[in-house]
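**Student:** Contents are mmCIF, C-alpha atoms; file name model.cif:
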```cif
data_structure
loop_
_atom_site.label_atom_id
_atom_site.label_comp_id
_atom_site.auth_asym_id
_atom_site.auth_seq_id
_atom_site.Cartn_x
_atom_site.Cartn_y
_atom_site.Cartn_z
CA MET A 1 0.00 0.00 0.00
CA PRO A 2 1.34 3.44 -0.81
CA SER A 3 1.91 6.24 1.64
CA LYS A 4 -0.94 8.68 2.11
CA ALA A 5 1.10 11.39 0.37
CA VAL A 6 1.45 9.27 -2.79
CA ALA A 7 -2.23 8.24 -2.84
CA ASP A 8 -3.29 11.87 -2.29
CA ALA A 9 -1.03 13.11 -5.11
CA VAL A 10 -2.37 10.50 -7.57
CA GLU A 11 -5.97 11.25 -6.57
CA ALA A 12 -5.43 15.00 -7.02
CA ARG A 13 -3.85 14.53 -10.44
CA LEU A 14 -6.74 12.37 -11.60
CA ALA A 15 -9.29 14.83 -10.23
CA ALA A 16 -7.61 17.67 -12.14
CA LEU A 17 -6.93 15.90 -15.44
CA TRP A 18 -9.22 12.87 -15.94
CA THR A 19 -12.86 13.41 -16.90
CA ARG A 20 -13.68 10.38 -19.07
CA CYS A 21 -15.35 8.35 -16.33
CA PRO A 22 -15.73 8.02 -12.54
CA VAL A 23 -12.67 6.94 -10.55
CA PHE A 24 -12.71 4.45 -7.69
CA ASP A 25 -9.70 4.79 -5.40
CA ILE A 26 -8.32 2.85 -2.46
CA ASN A 27 -10.97 1.52 -0.06
CA GLU A 28 -13.87 2.25 -2.39
CA GLU A 29 -16.08 -0.55 -3.68
CA PRO A 30 -15.59 -0.65 -7.46
CA THR A 31 -18.95 -2.13 -8.37
CA GLY A 32 -19.32 0.34 -11.21
CA PRO A 33 -22.10 2.68 -12.15
CA GLU A 34 -25.60 1.18 -12.14
CA ASP A 35 -26.07 2.08 -15.79
CA GLY A 36 -23.09 -0.08 -16.81
CA SER A 37 -21.03 2.87 -18.03
CA ALA A 38 -17.25 3.03 -17.92
CA PHE A 39 -15.21 3.50 -14.75
CA LEU A 40 -11.61 3.47 -13.56
CA GLU A 41 -10.07 1.69 -10.57
CA VAL A 42 -6.77 2.81 -9.06
CA GLN A 43 -4.71 0.16 -7.26
CA TYR A 44 -1.26 -0.05 -5.71
CA PRO A 45 -0.10 -3.68 -6.06
CA VAL A 46 3.40 -3.03 -4.72
CA ALA A 47 5.12 -0.38 -2.64
CA ASN A 48 8.45 -0.63 -0.84
CA ARG A 49 10.35 1.87 1.25
CA GLY A 50 14.08 2.09 1.88
CA GLN A 51 16.60 4.47 3.34
CA ILE A 52 18.69 6.20 0.66
CA THR A 53 21.08 8.25 2.82
CA ILE A 54 22.51 7.85 6.32
CA GLY A 55 24.35 9.99 8.83
CA ALA A 56 22.09 13.04 8.88
CA PRO A 57 19.37 12.43 11.49
CA GLY A 58 16.23 14.27 10.50
CA ASN A 59 17.58 14.90 7.00
CA ASN A 60 18.04 11.36 5.71
CA VAL A 61 16.22 10.52 2.49
CA PHE A 62 13.72 7.67 2.53
CA ARG A 63 12.42 6.47 -0.84
CA GLU A 64 9.11 4.78 -1.51
CA GLU A 65 9.06 2.87 -4.80
CA GLY A 66 6.09 1.08 -6.25
CA ALA A 67 3.52 0.90 -9.02
CA ILE A 68 0.19 2.54 -9.65
CA ARG A 69 -2.13 0.12 -11.44
CA PHE A 70 -4.98 1.47 -13.51
CA VAL A 71 -7.93 -0.82 -14.28
CA LEU A 72 -10.06 0.82 -16.95
CA ARG A 73 -13.45 -0.75 -17.58
CA THR A 74 -15.31 0.39 -20.69
CA GLU A 75 -18.67 -0.79 -21.92
CA ARG A 76 -18.55 -4.20 -23.54
CA GLY A 77 -19.32 -4.31 -27.24
CA GLN A 78 -17.64 -1.01 -28.14
CA GLY A 79 -14.58 -2.77 -29.45
CA ARG A 80 -11.04 -2.25 -28.24
CA GLY A 81 -10.66 1.21 -29.76
CA THR A 82 -12.30 3.18 -26.96
CA ALA A 83 -10.50 1.30 -24.19
CA LEU A 84 -7.09 1.63 -25.82
CA ALA A 85 -7.59 5.30 -26.69
CA TRP A 86 -8.64 6.12 -23.13
CA ALA A 87 -5.76 4.05 -21.71
CA ASP A 88 -3.34 6.02 -23.90
CA GLU A 89 -4.79 9.32 -22.63
CA LEU A 90 -4.57 8.16 -19.04
CA ALA A 91 -1.02 6.88 -19.47
CA LEU A 92 0.10 10.26 -20.80
CA ILE A 93 -1.24 11.95 -17.65
CA PHE A 94 1.25 9.89 -15.63
CA GLN A 95 4.08 9.15 -18.06
CA ALA A 96 7.41 10.63 -16.89
CA LYS A 97 5.81 13.26 -14.65
CA GLN A 98 6.57 14.92 -11.31
CA PHE A 99 3.61 15.98 -9.16
CA GLY A 100 2.99 16.31 -5.43
CA GLY A 101 6.39 14.86 -4.55
CA VAL A 102 5.87 11.81 -6.81
CA THR A 103 8.02 10.96 -9.84
CA THR A 104 6.64 8.51 -12.40
CA TRP A 105 8.25 6.57 -15.24
CA ALA A 106 7.04 4.89 -18.42
CA PRO A 107 3.70 3.07 -18.16
CA SER A 108 3.44 -0.55 -19.24
CA PRO A 109 1.25 -1.10 -22.30
CA PRO A 110 -2.20 -2.63 -21.77
CA MET A 111 -2.48 -6.34 -22.46
CA LEU A 112 -5.09 -7.72 -24.85
CA ASP A 113 -6.24 -11.32 -24.45
CA GLY A 114 -9.26 -13.33 -23.36
CA ARG A 115 -9.13 -11.85 -19.86
CA ASN A 116 -10.17 -8.42 -21.11
CA TYR A 117 -13.85 -9.40 -20.88
CA SER A 118 -15.29 -9.13 -17.38
CA ASP A 119 -19.05 -9.07 -16.80
CA ASN A 120 -20.47 -6.18 -18.84
CA TYR A 121 -17.08 -4.58 -19.36
CA PHE A 122 -14.06 -4.66 -21.62
CA THR A 123 -11.16 -4.19 -19.19
CA VAL A 124 -7.63 -2.99 -19.86
CA THR A 125 -4.97 -2.60 -17.21
CA PHE A 126 -1.54 -1.05 -17.08
CA ALA A 127 0.91 0.02 -14.40
CA VAL A 128 3.04 3.11 -13.88
CA PRO A 129 6.17 2.77 -11.74
CA TYR A 130 6.79 5.62 -9.28
CA TYR A 131 9.00 6.83 -6.50
CA ALA A 132 8.56 9.43 -3.79
CA ASP A 133 11.21 10.71 -1.36
CA THR A 134 10.69 11.96 2.17
CA LEU A 135 13.08 13.27 4.80
CA GLY A 136 13.38 11.80 8.28
#
```
Rewrite the coordinates I just gave you, this time as structure tokens.
**Tutor:**
Amino acid sequence: MPSKAVADAVEARLAALWTRCPVFDINEEPTGPEDGSAFLEVQYPVANRGQITIGAPGNNVFREEGAIRFVLRTERGQGRGTALAWADELALIFQAKQFGGVTTWAPSPPMLDGRNYSDNYFTVTFAVPYYADTLG
């Protein structure tokens, strides 16, 4: 699980720049809209923290590294075009950016296979690696 600072920064960036569909964040039940329309889930499958510097109590750098996973669910039957176009837009919001103390790298591309179909949705997922430094 990410630090609160990382989750807050990601949530703020999405709130400011993503308007395609509702976003479900940590600790929200992603059941989706009742009308079956598209939605986005944000997950953090891995986060680790380590000490980068030593010898300066109170000023040592601690680095959190992890991945932000985006699960984009679009309406089934629209084809892959909408899902991939939206995933590309979303990836660009986070690709190689610095915001709220978070630095992100290159997103993984979405995978396309038989697992993309889930209930009434066509689902694509991708992950964006990140790091965030704090002093302590």
**Student:** Nearest to A:Gly136 among A:Phe62, A:Phe39, A:Pro33, A:Leu17, with distances taken over all atoms listed in the file: which residue is it?
**Tutor:**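 Answer, going by the shortest atom-to-atom distance: A:Phe62.
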**Student:** So that I can see what lies close to stretch 93-99 of chain A, please list as a PyMOL selection string the residues with an atom at most 12 Å from it, counting all atoms listed in the file and leaving out residues fewer than 2 positions away in the same chain.
**Tutor:** chain A and resi 5-19+67-70+86-91+101-109+126-133
**Student:** I need the residue nearest A:Leu72 from this list: A:Gln51, A:Asn60, A:Asn116, A:Thr125. Use only C-alpha atoms for the distance.
**Tutor:**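 Checking each candidate against A:Leu72, we get A:Thr125 as the closest.
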**Student:** Taking the file as shown, find all residues satisfying the PyMOL selection byres ((chain A and resi 43) around 8) and write them as JSON, numbers by chain.
**Tutor:** {"A": [25, 26, 41, 42, 44, 45, 68, 69, 70, 71]}
**Student:** Kindly indicate which residue among A:Leu135, A:Ser37, A:Cys21, A:Arg76 lies nearest to A:Asn59, using all atoms listed in the file for the distances.
**Tutor:**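 Checking each candidate against A:Asn59, we get A:Leu135 as the closest.
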**Student:** Could you tell me how far atom CA of A:Gly32 lies from atom CA of A:Gln78, in Å and to one decimal?
**Tutor:** 17.1 Å
